[in-house]
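Structure first, commentary second.
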Amino acid sequence: MHYRAVPRAALLAGSVGLALVLTACGSGVKSFPLQEKFGSTATYSRLFDATAAQTCEASRRALLSQGYIINTASSDLVEGQKSFQPEAESHLQMVIRVVCAPESPDGKISLGFVTALQDSYQLKKSNNSASLGVGAIGSVSLPFTSGNDSMVKVGSVTISSDEFYEGFFDLVSRYLATVDDLPPGVR
């Protein structure tokens, strides 16, 4: 057999062509545009004229005042959740997480970072029928049906509304006036 050298350009072109063919074959996978754009907006954070512990305590009280159940509460983190049922077969769950960090060297100014996540659930129904197998006769289907209803998560979204966060930060500012003197164990 006689081997002939193949130019590098031809190998490269063949490799690129093969990659394009393989990519076209895998085009059944849905791709999404990039969802995140980092910027210097203040939607999710706010400076407070208070310590981190005071900011988190005011955030805890703000969440409690709106009917949230507090899952976690410490001097630098508060997380609460609340459920909503806008329709008979729909359920929403909002989870709000606040992280409090000192922003000044003396710790008397803090930064509150807030993120709200809303999960959506839908009622899914499934019917089951029963059948009975009898040796000589065969299979007999009985009219007994049972249904299983379950809530299935159908979506999740991070809330990005400036108005939503403005309302939360305003409420935290109101509660900061009541938490000036925290007990020694809370600071």
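Residue numbering restarts at 1 for every chain of the structure tokens, chains are lettered A, B, ... in their displayed order, and ligands are numbered from 1 as they appear.
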
Write out as number ranges by chain the set of residues from segment 29-129 of chain A that DSSP, computed on the backbone, places in helix (DSSP H, G or I). A: 52-65

Residues of segment 36-121 of chain A that approach segment 154-162 of chain A to 12 Å or less, counting only C-alpha atoms: could you list each one with the shortest pair of atoms and its distance in Å to one decimal, rows by chain and increasing residue number, as JSON lines?
```
{"residue": "A:Glu36", "atom": "CA", "partner": "A:Thr158", "partner_atom": "CA", "distance": 11.2}
{"residue": "A:Thr41", "atom": "CA", "partner": "A:Asp162", "partner_atom": "CA", "distance": 9.9}
{"residue": "A:Ala42", "atom": "CA", "partner": "A:Asp162", "partner_atom": "CA", "distance": 8.7}
{"residue": "A:Thr43", "atom": "CA", "partner": "A:Asp162", "partner_atom": "CA", "distance": 5.6}
{"residue": "A:Tyr44", "atom": "CA", "partner": "A:Ser160", "partner_atom": "CA", "distance": 8.2}
{"residue": "A:Ser45", "atom": "CA", "partner": "A:Asp162", "partner_atom": "CA", "distance": 10.7}
{"residue": "A:Arg46", "atom": "CA", "partner": "A:Asp162", "partner_atom": "CA", "distance": 11.9}
{"residue": "A:Ser90", "atom": "CA", "partner": "A:Val154", "partner_atom": "CA", "distance": 10.0}
{"residue": "A:His91", "atom": "CA", "partner": "A:Val154", "partner_atom": "CA", "distance": 10.1}
{"residue": "A:Leu92", "atom": "CA", "partner": "A:Ser156", "partner_atom": "CA", "distance": 9.5}
{"residue": "A:Gln93", "atom": "CA", "partner": "A:Ser156", "partner_atom": "CA", "distance": 9.4}
{"residue": "A:Met94", "atom": "CA", "partner": "A:Ile159", "partner_atom": "CA", "distance": 9.4}
{"residue": "A:Val95", "atom": "CA", "partner": "A:Thr158", "partner_atom": "CA", "distance": 9.6}
{"residue": "A:Ile96", "atom": "CA", "partner": "A:Ile159", "partner_atom": "CA", "distance": 9.7}
{"residue": "A:Arg97", "atom": "CA", "partner": "A:Thr158", "partner_atom": "CA", "distance": 11.2}
{"residue": "A:Val114", "atom": "CA", "partner": "A:Ile159", "partner_atom": "CA", "distance": 10.2}
{"residue": "A:Thr115", "atom": "CA", "partner": "A:Thr158", "partner_atom": "CA", "distance": 7.2}
{"residue": "A:Ala116", "atom": "CA", "partner": "A:Ile159", "partner_atom": "CA", "distance": 5.4}
{"residue": "A:Leu117", "atom": "CA", "partner": "A:Thr158", "partner_atom": "CA", "distance": 4.4}
{"residue": "A:Gln118", "atom": "CA", "partner": "A:Val157", "partner_atom": "CA", "distance": 5.4}
{"residue": "A:Asp119", "atom": "CA", "partner": "A:Ser156", "partner_atom": "CA", "distance": 4.3}
{"residue": "A:Ser120", "atom": "CA", "partner": "A:Gly155", "partner_atom": "CA", "distance": 5.0}
{"residue": "A:Tyr121", "atom": "CA", "partner": "A:Val154", "partner_atom": "CA", "distance": 5.4}
```

Would you output that residue set with N, CA and C atoms, as an mmCIF file, in the first residue's frame?
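Full text of selection.cif as output:
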```cif
data_model
loop_
_atom_site.group_PDB
_atom_site.id
_atom_site.type_symbol
_atom_site.label_atom_id
_atom_site.label_comp_id
_atom_site.auth_asym_id
_atom_site.auth_seq_id
_atom_site.Cartn_x
_atom_site.Cartn_y
_atom_site.Cartn_z
ATOM 1 N N GLU A 36 -28.350 35.916 32.376
ATOM 2 C CA GLU A 36 -27.755 36.806 33.366
ATOM 3 C C GLU A 36 -26.939 37.900 32.705
ATOM 4 N N THR A 41 -26.550 47.666 39.119
ATOM 5 C CA THR A 41 -27.853 48.152 39.563
ATOM 6 C C THR A 41 -28.053 47.801 41.031
ATOM 7 N N ALA A 42 -28.917 48.544 41.683
ATOM 8 C CA ALA A 42 -29.153 48.344 43.117
ATOM 9 C C ALA A 42 -30.466 47.612 43.371
ATOM 10 N N THR A 43 -30.948 46.840 42.408
ATOM 11 C CA THR A 43 -32.220 46.151 42.572
ATOM 12 C C THR A 43 -32.212 45.217 43.777
ATOM 13 N N TYR A 44 -31.156 44.447 43.932
ATOM 14 C CA TYR A 44 -31.125 43.402 44.949
ATOM 15 C C TYR A 44 -30.366 43.782 46.210
ATOM 16 N N SER A 45 -29.890 45.008 46.329
ATOM 17 C CA SER A 45 -29.128 45.383 47.520
ATOM 18 C C SER A 45 -29.426 46.816 47.921
ATOM 19 N N ARG A 46 -29.195 47.080 49.191
ATOM 20 C CA ARG A 46 -29.417 48.429 49.720
ATOM 21 C C ARG A 46 -28.499 48.652 50.906
ATOM 22 N N SER A 90 -53.824 25.961 41.311
ATOM 23 C CA SER A 90 -52.483 26.542 41.219
ATOM 24 C C SER A 90 -52.001 26.932 42.609
ATOM 25 N N HIS A 91 -50.712 26.837 42.788
ATOM 26 C CA HIS A 91 -50.099 27.161 44.074
ATOM 27 C C HIS A 91 -48.780 27.870 43.788
ATOM 28 N N LEU A 92 -48.510 28.939 44.521
ATOM 29 C CA LEU A 92 -47.248 29.662 44.399
ATOM 30 C C LEU A 92 -46.567 29.666 45.754
ATOM 31 N N GLN A 93 -45.259 29.560 45.735
ATOM 32 C CA GLN A 93 -44.494 29.651 46.977
ATOM 33 C C GLN A 93 -43.365 30.648 46.763
ATOM 34 N N MET A 94 -43.326 31.650 47.641
ATOM 35 C CA MET A 94 -42.297 32.687 47.569
ATOM 36 C C MET A 94 -41.304 32.448 48.700
ATOM 37 N N VAL A 95 -40.011 32.424 48.356
ATOM 38 C CA VAL A 95 -38.934 32.319 49.341
ATOM 39 C C VAL A 95 -38.080 33.564 49.199
ATOM 40 N N ILE A 96 -37.904 34.280 50.305
ATOM 41 C CA ILE A 96 -37.087 35.492 50.309
ATOM 42 C C ILE A 96 -35.888 35.250 51.211
ATOM 43 N N ARG A 97 -34.709 35.529 50.678
ATOM 44 C CA ARG A 97 -33.452 35.351 51.428
ATOM 45 C C ARG A 97 -32.750 36.696 51.514
ATOM 46 N N VAL A 114 -30.899 41.011 48.918
ATOM 47 C CA VAL A 114 -32.181 40.307 48.977
ATOM 48 C C VAL A 114 -32.452 39.629 47.644
ATOM 49 N N THR A 115 -32.914 38.385 47.726
ATOM 50 C CA THR A 115 -33.333 37.652 46.539
ATOM 51 C C THR A 115 -34.657 36.968 46.845
ATOM 52 N N ALA A 116 -35.604 37.114 45.944
ATOM 53 C CA ALA A 116 -36.907 36.462 46.089
ATOM 54 C C ALA A 116 -37.075 35.460 44.950
ATOM 55 N N LEU A 117 -37.425 34.242 45.312
ATOM 56 C CA LEU A 117 -37.635 33.168 44.343
ATOM 57 C C LEU A 117 -39.081 32.713 44.436
ATOM 58 N N GLN A 118 -39.778 32.664 43.307
ATOM 59 C CA GLN A 118 -41.168 32.220 43.282
ATOM 60 C C GLN A 118 -41.276 30.917 42.504
ATOM 61 N N ASP A 119 -41.757 29.873 43.188
ATOM 62 C CA ASP A 119 -41.987 28.574 42.560
ATOM 63 C C ASP A 119 -43.475 28.433 42.257
ATOM 64 N N SER A 120 -43.797 27.888 41.089
ATOM 65 C CA SER A 120 -45.187 27.686 40.666
ATOM 66 C C SER A 120 -45.488 26.195 40.627
ATOM 67 N N TYR A 121 -46.657 25.831 41.139
ATOM 68 C CA TYR A 121 -47.100 24.441 41.159
ATOM 69 C C TYR A 121 -48.491 24.359 40.542
#
```

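Going from atom CA of Ala62 of chain A over to atom CA of Met151 of chain A, you cover 29.2 Å.
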
Which residue gives the smallest distance to Gly167 of chain A among A:Lys125, A:Gln35, A:Ser59, A:Ala53, with only C-alpha atoms counted?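 Checking each of A:Lys125, A:Gln35, A:Ser59, A:Ala53 against Gly167 of chain A, counting only C-alpha atoms, the winner is A:Ser59.
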
Between atom CA of Leu171 of chain A and atom CA of Asp76 of chain A, what distance in Å does the model show, to one decimal?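 Separating atom CA of Leu171 of chain A from atom CA of Asp76 of chain A is a distance of 18.1 Å.
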
Can you pull out the residues contacting Leu64 of chain A? Cut-off 12 Å, using only C-alpha atoms, and skip same-chain residues under 6 positions away; I want them as an mmCIF file with N, CA and C atoms, in the first residue's frame.
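Output (around-v7.cif):
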```cif
data_model
loop_
_atom_site.group_PDB
_atom_site.id
_atom_site.type_symbol
_atom_site.label_atom_id
_atom_site.label_comp_id
_atom_site.auth_asym_id
_atom_site.auth_seq_id
_atom_site.Cartn_x
_atom_site.Cartn_y
_atom_site.Cartn_z
ATOM 1 N N GLU A 57 -32.269 41.662 61.616
ATOM 2 C CA GLU A 57 -33.409 41.618 62.541
ATOM 3 C C GLU A 57 -34.581 42.418 61.984
ATOM 4 N N ALA A 58 -34.302 43.590 61.402
ATOM 5 C CA ALA A 58 -35.366 44.379 60.784
ATOM 6 C C ALA A 58 -35.970 43.633 59.588
ATOM 7 N N ILE A 70 -40.557 32.093 58.999
ATOM 8 C CA ILE A 70 -39.106 32.248 59.009
ATOM 9 C C ILE A 70 -38.462 30.871 59.095
ATOM 10 N N ASN A 71 -37.682 30.524 58.083
ATOM 11 C CA ASN A 71 -36.965 29.244 58.053
ATOM 12 C C ASN A 71 -35.610 29.350 58.744
ATOM 13 N N ALA A 73 -32.887 32.328 60.705
ATOM 14 C CA ALA A 73 -32.657 33.688 61.197
ATOM 15 C C ALA A 73 -31.372 33.706 62.004
ATOM 16 N N VAL A 78 -31.330 35.852 56.873
ATOM 17 C CA VAL A 78 -32.735 35.611 57.187
ATOM 18 C C VAL A 78 -33.374 35.017 55.942
ATOM 19 N N GLU A 79 -34.160 33.953 56.146
ATOM 20 C CA GLU A 79 -34.894 33.365 55.024
ATOM 21 C C GLU A 79 -36.313 33.058 55.475
ATOM 22 N N GLY A 80 -37.271 33.496 54.666
ATOM 23 C CA GLY A 80 -38.676 33.251 54.976
ATOM 24 C C GLY A 80 -39.413 32.785 53.748
ATOM 25 N N GLN A 81 -40.554 32.118 53.989
ATOM 26 C CA GLN A 81 -41.361 31.641 52.865
ATOM 27 C C GLN A 81 -42.831 31.879 53.138
ATOM 28 N N LYS A 82 -43.573 32.016 52.046
ATOM 29 C CA LYS A 82 -45.011 32.256 52.128
ATOM 30 C C LYS A 82 -45.667 31.569 50.941
ATOM 31 N N ILE A 96 -37.904 34.280 50.305
ATOM 32 C CA ILE A 96 -37.087 35.492 50.309
ATOM 33 C C ILE A 96 -35.888 35.250 51.211
ATOM 34 N N PHE A 168 -39.959 46.172 49.812
ATOM 35 C CA PHE A 168 -39.329 45.404 50.889
ATOM 36 C C PHE A 168 -38.314 46.266 51.643
ATOM 37 N N LEU A 171 -39.933 48.760 53.934
ATOM 38 C CA LEU A 171 -40.450 48.112 55.146
ATOM 39 C C LEU A 171 -39.318 47.799 56.118
ATOM 40 N N VAL A 172 -38.181 47.341 55.610
ATOM 41 C CA VAL A 172 -37.017 47.074 56.468
ATOM 42 C C VAL A 172 -36.569 48.374 57.140
ATOM 43 N N TYR A 175 -38.700 49.127 60.095
ATOM 44 C CA TYR A 175 -38.422 48.278 61.259
ATOM 45 C C TYR A 175 -37.057 48.552 61.868
#
```

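Note that the spacing between atom CA of Leu123 of chain A and atom CA of Gln85 of chain A amounts to 11.3 Å.
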
Can you work out which one of A:Ser173, A:Ser31, A:Ser83, A:Thr51 has the shortest atom-to-atom distance to Ser104 of chain A, counting only C-alpha atoms? A:Thr51
